[in-house]
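See below for protein-v7.cif, which holds mmCIF, C-alpha atoms.
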data_model
#
loop_
_atom_site.label_atom_id
_atom_site.label_comp_id
_atom_site.auth_asym_id
_atom_site.auth_seq_id
_atom_site.Cartn_x
_atom_site.Cartn_y
_atom_site.Cartn_z
CA MET U 15 -58.13 -117.91 -271.72
CA LEU U 16 -60.92 -118.63 -274.20
CA GLU U 17 -58.81 -121.05 -276.22
CA GLU U 18 -57.75 -122.87 -273.09
CA ALA U 19 -61.31 -123.09 -271.76
CA LEU U 20 -62.60 -124.38 -275.08
CA GLU U 21 -59.78 -126.90 -275.29
CA HIS U 22 -60.64 -128.17 -271.80
CA LEU U 23 -64.33 -128.49 -272.63
CA VAL U 24 -63.63 -130.39 -275.85
CA LYS U 25 -60.88 -132.63 -274.44
CA GLY U 26 -63.26 -133.80 -271.74
CA ILE U 27 -65.84 -135.13 -274.17
CA VAL U 28 -63.82 -136.78 -276.96
CA ASP U 29 -62.18 -140.20 -277.18
CA ASN U 30 -58.89 -138.78 -278.44
CA PRO U 31 -58.12 -135.79 -276.20
CA ASP U 32 -54.47 -135.69 -277.27
CA ASP U 33 -55.52 -134.83 -280.80
CA VAL U 34 -57.46 -131.73 -279.77
CA GLN U 35 -55.96 -128.44 -280.88
CA VAL U 36 -57.49 -125.01 -280.60
CA ALA U 37 -56.12 -122.13 -282.60
CA SER U 38 -57.24 -118.56 -282.43
CA ARG U 39 -57.19 -116.63 -285.70
CA ASN U 40 -58.02 -113.03 -286.23
CA LEU U 41 -59.81 -112.60 -289.49
CA ARG U 42 -61.09 -109.39 -290.94
CA ARG U 43 -64.61 -110.30 -289.89
CA GLY U 44 -63.54 -111.04 -286.33
CA ARG U 45 -61.95 -113.68 -284.20
CA VAL U 46 -62.30 -117.38 -284.96
CA LEU U 47 -61.48 -120.23 -282.60
CA GLU U 48 -60.69 -123.23 -284.72
CA VAL U 49 -61.04 -126.55 -282.95
CA ARG U 50 -59.33 -129.53 -284.55
CA VAL U 51 -60.26 -133.00 -283.38
CA HIS U 52 -59.56 -136.57 -284.42
CA PRO U 53 -61.76 -137.50 -287.42
CA ASP U 54 -63.55 -140.11 -285.27
CA ASP U 55 -64.51 -137.41 -282.79
CA LEU U 56 -65.93 -134.85 -285.18
CA GLY U 57 -69.45 -136.25 -284.92
CA LYS U 58 -69.14 -136.20 -281.17
CA VAL U 59 -68.24 -132.52 -280.91
CA ILE U 60 -71.00 -131.59 -283.32
CA GLY U 61 -73.63 -133.76 -281.68
CA ARG U 62 -77.11 -134.66 -282.80
CA ASN U 63 -78.56 -131.74 -284.77
CA GLY U 64 -75.48 -129.74 -283.86
CA ARG U 65 -76.47 -129.73 -280.21
CA THR U 66 -73.00 -130.18 -278.78
CA ALA U 67 -71.48 -127.57 -281.09
CA ARG U 68 -74.20 -125.16 -279.99
CA ALA U 69 -73.48 -125.87 -276.32
CA LEU U 70 -69.76 -125.20 -276.86
CA ARG U 71 -70.55 -121.91 -278.61
CA THR U 72 -72.95 -120.86 -275.86
CA VAL U 73 -70.36 -121.42 -273.15
CA VAL U 74 -67.62 -119.65 -275.11
CA GLY U 75 -70.01 -116.73 -275.61
CA ALA U 76 -70.69 -116.59 -271.87
CA LEU U 77 -66.99 -116.59 -271.03
CA GLY U 78 -66.50 -113.38 -272.94
CA GLY U 79 -66.32 -114.65 -276.47
CA ARG U 80 -69.46 -112.95 -277.69
CA GLY U 81 -69.08 -112.53 -281.41
CA VAL U 82 -66.23 -115.06 -281.53
CA ARG U 83 -66.82 -117.75 -284.11
CA VAL U 84 -66.14 -121.37 -283.16
CA ASP U 85 -65.26 -123.67 -286.06
CA LEU U 86 -65.06 -127.41 -285.61
CA VAL U 87 -62.90 -129.31 -288.07
CA ASP U 88 -61.13 -132.65 -288.09
CA VAL U 89 -57.33 -132.83 -288.15
CA ASP U 90 -57.28 -134.31 -291.65
CA GLN U 91 -59.10 -131.38 -293.17
CA VAL U 92 -56.94 -128.92 -295.03
CA ARG U 93 -57.38 -125.24 -294.51
CA MET Q 29 -63.96 -155.50 -261.43
CA THR Q 30 -63.92 -159.27 -260.95
CA GLU Q 31 -67.18 -161.03 -261.46
CA GLY Q 32 -68.60 -163.79 -259.35
CA ASN Q 33 -66.73 -163.58 -256.07
CA THR Q 34 -67.83 -160.14 -254.91
CA PRO Q 35 -71.53 -160.05 -254.18
CA VAL Q 36 -72.73 -156.47 -254.56
CA VAL Q 37 -75.98 -155.04 -253.31
CA GLU Q 38 -77.59 -153.44 -256.33
CA GLY Q 39 -78.75 -150.29 -254.56
CA GLU Q 40 -75.28 -149.60 -253.26
CA ASP Q 41 -73.86 -150.21 -256.67
CA ALA Q 42 -76.18 -147.65 -258.21
CA LEU Q 43 -75.29 -145.12 -255.53
CA THR Q 44 -71.59 -145.61 -256.09
CA SER Q 45 -71.95 -145.10 -259.81
CA LEU Q 46 -73.95 -141.90 -259.26
CA GLU Q 47 -71.28 -140.68 -256.87
CA GLN Q 48 -68.70 -141.48 -259.50
CA GLU Q 49 -70.69 -139.46 -262.03
CA GLY Q 50 -70.64 -136.54 -259.61
CA GLU Q 51 -66.89 -136.78 -259.23
CA ILE Q 52 -66.19 -136.85 -262.96
CA ALA Q 53 -68.53 -133.88 -263.41
CA ALA Q 54 -66.87 -131.98 -260.57
CA ASP Q 55 -63.41 -132.46 -262.12
CA TYR Q 56 -64.62 -131.26 -265.49
CA LEU Q 57 -66.32 -128.17 -264.07
CA GLU Q 58 -63.53 -127.34 -261.62
CA GLY Q 59 -61.10 -127.36 -264.53
CA LEU Q 60 -63.27 -124.86 -266.34
CA LEU Q 61 -63.61 -122.57 -263.30
CA ASP Q 62 -59.83 -122.59 -262.85
CA ILE Q 63 -59.06 -121.75 -266.45
CA ALA Q 64 -61.70 -119.04 -266.61
CA ASP Q 65 -60.64 -117.74 -263.18
CA LEU Q 66 -64.20 -117.87 -261.87
CA ASP Q 67 -65.03 -118.18 -258.18
CA GLY Q 68 -67.21 -121.09 -257.17
CA ASP Q 69 -67.23 -124.27 -255.14
CA ILE Q 70 -68.65 -127.56 -256.25
CA ASP Q 71 -71.22 -129.51 -254.24
CA MET Q 72 -72.07 -133.09 -255.08
CA ASP Q 73 -75.18 -134.96 -254.11
CA VAL Q 74 -77.43 -137.78 -255.24
CA GLU Q 75 -81.10 -136.83 -255.73
CA GLY Q 76 -83.33 -139.82 -256.30
CA ASP Q 77 -81.81 -141.72 -259.22
CA ARG Q 78 -79.64 -138.88 -260.48
CA ALA Q 79 -76.33 -137.34 -259.63
CA ALA Q 80 -76.72 -133.69 -258.69
CA VAL Q 81 -73.83 -131.28 -258.96
CA SER Q 82 -73.98 -127.60 -258.04
CA ILE Q 83 -71.58 -124.76 -258.49
CA VAL Q 84 -72.13 -122.53 -255.48
CA GLY Q 85 -70.69 -119.27 -254.30
CA ASP Q 86 -71.73 -115.77 -253.36
CA SER Q 87 -75.31 -115.47 -254.51
CA ALA Q 88 -74.48 -112.02 -255.83
CA SER Q 89 -71.52 -113.34 -257.75
CA ARG Q 90 -71.39 -112.00 -261.28
CA ASP Q 91 -69.19 -114.95 -262.18
CA LEU Q 92 -71.89 -117.47 -261.47
CA GLN Q 93 -74.61 -115.38 -263.12
CA LYS Q 94 -72.48 -115.43 -266.24
CA LEU Q 95 -72.47 -119.23 -266.17
CA VAL Q 96 -76.24 -119.34 -265.75
CA GLY Q 97 -76.97 -117.01 -268.63
CA ARG Q 98 -80.29 -115.66 -269.75
CA ASP Q 99 -83.07 -118.08 -268.76
CA GLY Q 100 -80.40 -120.59 -267.76
CA GLU Q 101 -79.23 -120.93 -271.34
CA VAL Q 102 -75.55 -121.28 -270.42
CA LEU Q 103 -76.41 -123.57 -267.51
CA GLU Q 104 -78.23 -125.94 -269.90
CA ALA Q 105 -75.24 -125.90 -272.26
CA LEU Q 106 -72.83 -126.69 -269.45
CA GLN Q 107 -75.07 -129.48 -268.19
CA GLU Q 108 -75.12 -130.97 -271.67
CA LEU Q 109 -71.33 -130.88 -271.94
CA THR Q 110 -70.88 -132.22 -268.41
CA ARG Q 111 -73.17 -135.17 -269.18
CA LEU Q 112 -71.05 -135.91 -272.25
CA ALA Q 113 -67.88 -135.76 -270.16
CA VAL Q 114 -69.40 -138.27 -267.74
CA HIS Q 115 -70.51 -140.47 -270.61
CA ARG Q 116 -66.98 -140.45 -272.04
CA GLU Q 117 -65.63 -141.82 -268.74
CA THR Q 118 -68.37 -144.28 -267.77
CA GLY Q 119 -69.72 -145.34 -271.15
CA ASP Q 120 -73.24 -144.85 -269.83
CA ARG Q 121 -75.61 -142.03 -270.62
CA SER Q 122 -75.83 -139.63 -267.73
CA ARG Q 123 -78.95 -137.87 -266.42
CA LEU Q 124 -76.90 -135.72 -264.10
CA MET Q 125 -78.48 -132.46 -262.97
CA LEU Q 126 -76.34 -129.36 -262.81
CA ASP Q 127 -77.27 -126.27 -260.83
CA ILE Q 128 -75.39 -123.00 -260.66
CA GLY Q 129 -75.87 -120.33 -258.01
CA GLY Q 130 -79.18 -121.86 -256.93
CA PHE Q 131 -80.81 -121.06 -260.28
CA ARG Q 132 -82.65 -124.36 -260.62
CA ALA Q 133 -83.68 -124.38 -256.97
CA ARG Q 134 -85.38 -120.97 -257.37
CA LYS Q 135 -86.88 -121.97 -260.69
CA ARG Q 136 -88.23 -125.17 -259.18
CA ALA Q 137 -90.04 -123.21 -256.43
CA GLU Q 138 -91.61 -120.83 -258.98
CA LEU Q 139 -92.71 -123.61 -261.30
CA THR Q 140 -94.12 -125.73 -258.50
CA GLU Q 141 -96.34 -122.79 -257.61
CA LEU Q 142 -97.29 -122.30 -261.24
CA GLY Q 143 -98.18 -125.99 -261.60
CA ALA Q 144 -100.33 -125.91 -258.46
CA LYS Q 145 -102.17 -122.80 -259.71
CA ALA Q 146 -102.78 -124.35 -263.12
CA ALA Q 147 -104.16 -127.46 -261.42
CA GLU Q 148 -106.53 -125.26 -259.38
CA GLU Q 149 -107.68 -123.55 -262.55
CA ALA Q 150 -108.29 -126.83 -264.38
CA LYS Q 151 -110.27 -128.14 -261.43
CA GLY Q 152 -112.31 -124.93 -261.22
CA THR Q 153 -113.15 -124.57 -264.91
CA GLY Q 154 -113.16 -128.23 -265.96
CA GLU Q 155 -111.12 -127.15 -269.01
CA PRO Q 156 -107.56 -128.10 -269.95
CA VAL Q 157 -105.01 -125.41 -269.06
CA LYS Q 158 -102.23 -124.82 -271.58
CA LEU Q 159 -99.00 -123.35 -270.25
CA ARG Q 160 -96.23 -121.44 -272.02
CA PRO Q 161 -93.48 -123.38 -273.83
CA MET Q 162 -90.87 -124.70 -271.39
CA THR Q 163 -87.59 -126.60 -271.29
CA PRO Q 164 -87.67 -130.32 -270.38
CA PHE Q 165 -86.50 -129.47 -266.84
CA GLU Q 166 -89.27 -126.89 -266.36
CA ARG Q 167 -91.94 -129.25 -267.69
CA LYS Q 168 -90.82 -132.02 -265.38
CA VAL Q 169 -91.23 -129.74 -262.35
CA VAL Q 170 -94.70 -128.64 -263.50
CA HIS Q 171 -95.82 -132.25 -264.18
CA ASP Q 172 -94.72 -133.18 -260.66
CA ALA Q 173 -96.61 -130.26 -259.12
CA VAL Q 174 -99.78 -131.14 -261.07
CA ALA Q 175 -99.52 -134.78 -260.00
CA ALA Q 176 -99.11 -133.64 -256.38
CA ALA Q 177 -102.40 -131.74 -256.78
CA GLY Q 178 -104.05 -134.96 -257.94
CA LEU Q 179 -104.45 -134.13 -261.65
CA ARG Q 180 -102.85 -135.40 -264.84
CA SER Q 181 -100.89 -133.40 -267.38
CA GLU Q 182 -99.21 -134.06 -270.68
CA SER Q 183 -96.79 -132.29 -272.99
CA GLU Q 184 -97.68 -131.25 -276.51
CA GLY Q 185 -95.89 -129.63 -279.45
CA GLU Q 186 -92.33 -129.82 -280.67
CA GLU Q 187 -89.25 -128.35 -278.99
CA PRO Q 188 -88.69 -125.52 -278.37
CA GLU Q 189 -92.44 -124.87 -278.40
CA ARG Q 190 -93.28 -127.91 -276.31
CA ARG Q 191 -95.66 -127.06 -273.47
CA VAL Q 192 -97.52 -128.64 -270.60
CA VAL Q 193 -101.28 -129.08 -270.77
CA VAL Q 194 -102.97 -129.66 -267.43
CA LEU Q 195 -106.00 -131.91 -267.81
CA PRO Q 196 -109.15 -131.47 -265.75
CA ALA Q 197 -110.09 -134.48 -263.63
#
Conversion result in structure tokens:
Amino acid sequence: MLEEALEHLVKGIVDNPDDVQVASRNLRRGRVLEVRVHPDDLGKVIGRNGRTARALRTVVGALGGRGVRVDLVDVDQVR
Amino acid sequence: MTEGNTPVVEGEDALTSLEQEGEIAADYLEGLLDIADLDGDIDMDVEGDRAAVSIVGDSASRDLQKLVGRDGEVLEALQELTRLAVHRETGDRSRLMLDIGGFRARKRAELTELGAKAAEEAKGTGEPVKLRPMTPFERKVVHDAVAAAGLRSESEGEEPERRVVVLPA
């Protein structure tokens, strides 16, 4: 549910919603939701002073993802 | 929209665009409620020059409390995202107000009282009254209450320590 909720929240605010992908990865240190967006949208999902990224993390935390890390990357970035 | 042949009354135009903001916001939020399986209905309104959208439901609903968060932290985050969603669709910056479970309405009543009391105090002592740091929404409500009491107030400091100072007459 968390991935889907995060995907919905991000798709609604970017110019290229079809390029949004959210993947959940379980790392040793805990769960990470990795959000990939079109390179032109990266600034948008981060926001001024990271404001938008913070808002996304706050909502994910409230929906049960406390302790879940949210990473924002653009689709061109390699892992 | 074709230009020139459809005369539009400006006030009506503004109202329609605020209603449109409300609808975009409602879609965005409804989608989230569905995915997260949270109970809540969406009310849309226009308050002054802003679109106002509320998620309402059982006042005791845990679901809605979760979306408000401590001190409305989650509510502010959702409002921020909702404004961005509206901006994406309309191309204009949105000043939409979001409320969840009546949180802002209650807060507004408390802060209006606080603003009125601070104005009383400033009048009585002739000294400026400094209030605790507040969010932009909270400060706006206090400024309005102080103005209603016939005094002036200003904000000082940097976020998140920005606070209202009520000035004596």
Distance table requested - chain Q against chain U, cut-off 9 Å, all atoms listed in the file: one row per qualifying residue with the closest atom pair and its distance in Å to one decimal, ordered by chain and rising residue number, as CSV.
residue,atom,partner,partner_atom,distance
Q:Tyr56,CA,U:Gly26,CA,6.9
Q:Leu57,CA,U:Leu23,CA,8.8
Q:Gly59,CA,U:His22,CA,7.3
Q:Leu60,CA,U:Ala19,CA,6.0
Q:Leu61,CA,U:Ala19,CA,8.8
Q:Ile63,CA,U:Ala19,CA,5.9
Q:Ala64,CA,U:Met15,CA,6.3
Q:Asp65,CA,U:Met15,CA,8.9
Q:Lys94,CA,U:Ala76,CA,6.0
Q:Leu95,CA,U:Ala76,CA,6.5
Q:Val96,CA,U:Ala76,CA,8.7
Q:Gly97,CA,U:Ala76,CA,7.1
Q:Glu101,CA,U:Thr72,CA,7.7
Q:Val102,CA,U:Val73,CA,5.9
Q:Leu103,CA,U:Val73,CA,8.5
Q:Glu104,CA,U:Ala69,CA,8.0
Q:Ala105,CA,U:Ala69,CA,4.4
Q:Leu106,CA,U:Val73,CA,6.9
Q:Glu108,CA,U:Ala69,CA,7.1
Q:Leu109,CA,U:Ala69,CA,7.0
Q:Thr110,CA,U:Ile27,CA,8.2
Q:Arg111,CA,U:Ile27,CA,8.9
Q:Leu112,CA,U:Ile27,CA,5.6
Q:Ala113,CA,U:Ile27,CA,4.5
Q:Val114,CA,U:Ile27,CA,8.0
Q:His115,CA,U:Ile27,CA,7.9
Q:Arg116,CA,U:Ile27,CA,5.8
Q:Glu117,CA,U:Ile27,CA,8.6
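Going from CA of Gly79 in chain U over to CA of Ile83 in chain Q, you cover 21.3 Å.
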_Who sits within 12 Å of Leu195 in chain Q, only C-alpha atoms, same chain under 6 positions skipped, as a ChimeraX atom specification_ = /Q:143,146-159,171,174-175,177-183
*On this structure, which residues satisfy the PyMOL selection byres ((chain U and resi 89) around 6), written as a ChimeraX atom specification?*
/U:50-52,88,90-91
Residues from last step as file, C-alpha atoms, as a PDB file, in the frame of the given file:
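Below is the file again_8.pdb, written as the result:
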ATOM      1  CA  ARG U  50     -59.330-129.530-284.550  1.00  0.00           C
ATOM      2  CA  VAL U  51     -60.260-133.000-283.380  1.00  0.00           C
ATOM      3  CA  HIS U  52     -59.560-136.570-284.420  1.00  0.00           C
ATOM      4  CA  ASP U  88     -61.130-132.650-288.090  1.00  0.00           C
ATOM      5  CA  ASP U  90     -57.280-134.310-291.650  1.00  0.00           C
ATOM      6  CA  GLN U  91     -59.100-131.380-293.170  1.00  0.00           C
TER       7      GLN U  91
END
_When you look at range 40-49 of chain U with a cut-off of 7 Å (counting all atoms listed in the file), what residues show up, excluding the ones that are within fewer than 6 positions of it in the same chain? I need them as a PyMOL selection string._
chain U and resi 17+82-87
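Using only C-alpha atoms, the smallest distance between any of Q:Ile70, Q:Arg134, Q:Thr44, Q:Ala144 and Glu58 in chain Q comes from Q:Ile70.
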Written as a short mmCIF file (atom, residue, chain, number, x, y, z; two decimals) with C-alpha atoms, keeping the file's coordinate frame, what is the full residue list that the PyMOL selection byres ((chain Q and resi 46) around 8) yields on the file shown?
data_model
loop_
_atom_site.label_atom_id
_atom_site.label_comp_id
_atom_site.auth_asym_id
_atom_site.auth_seq_id
_atom_site.Cartn_x
_atom_site.Cartn_y
_atom_site.Cartn_z
CA ALA Q 42 -76.18 -147.65 -258.21
CA LEU Q 43 -75.29 -145.12 -255.53
CA THR Q 44 -71.59 -145.61 -256.09
CA SER Q 45 -71.95 -145.10 -259.81
CA GLU Q 47 -71.28 -140.68 -256.87
CA GLN Q 48 -68.70 -141.48 -259.50
CA GLU Q 49 -70.69 -139.46 -262.03
CA GLY Q 50 -70.64 -136.54 -259.61
CA VAL Q 74 -77.43 -137.78 -255.24
CA ASP Q 77 -81.81 -141.72 -259.22
CA ARG Q 78 -79.64 -138.88 -260.48
CA ALA Q 79 -76.33 -137.34 -259.63
#
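Atom to atom, CA of Gly61 in chain U and CA of Glu166 in chain Q stand 22.9 Å apart.
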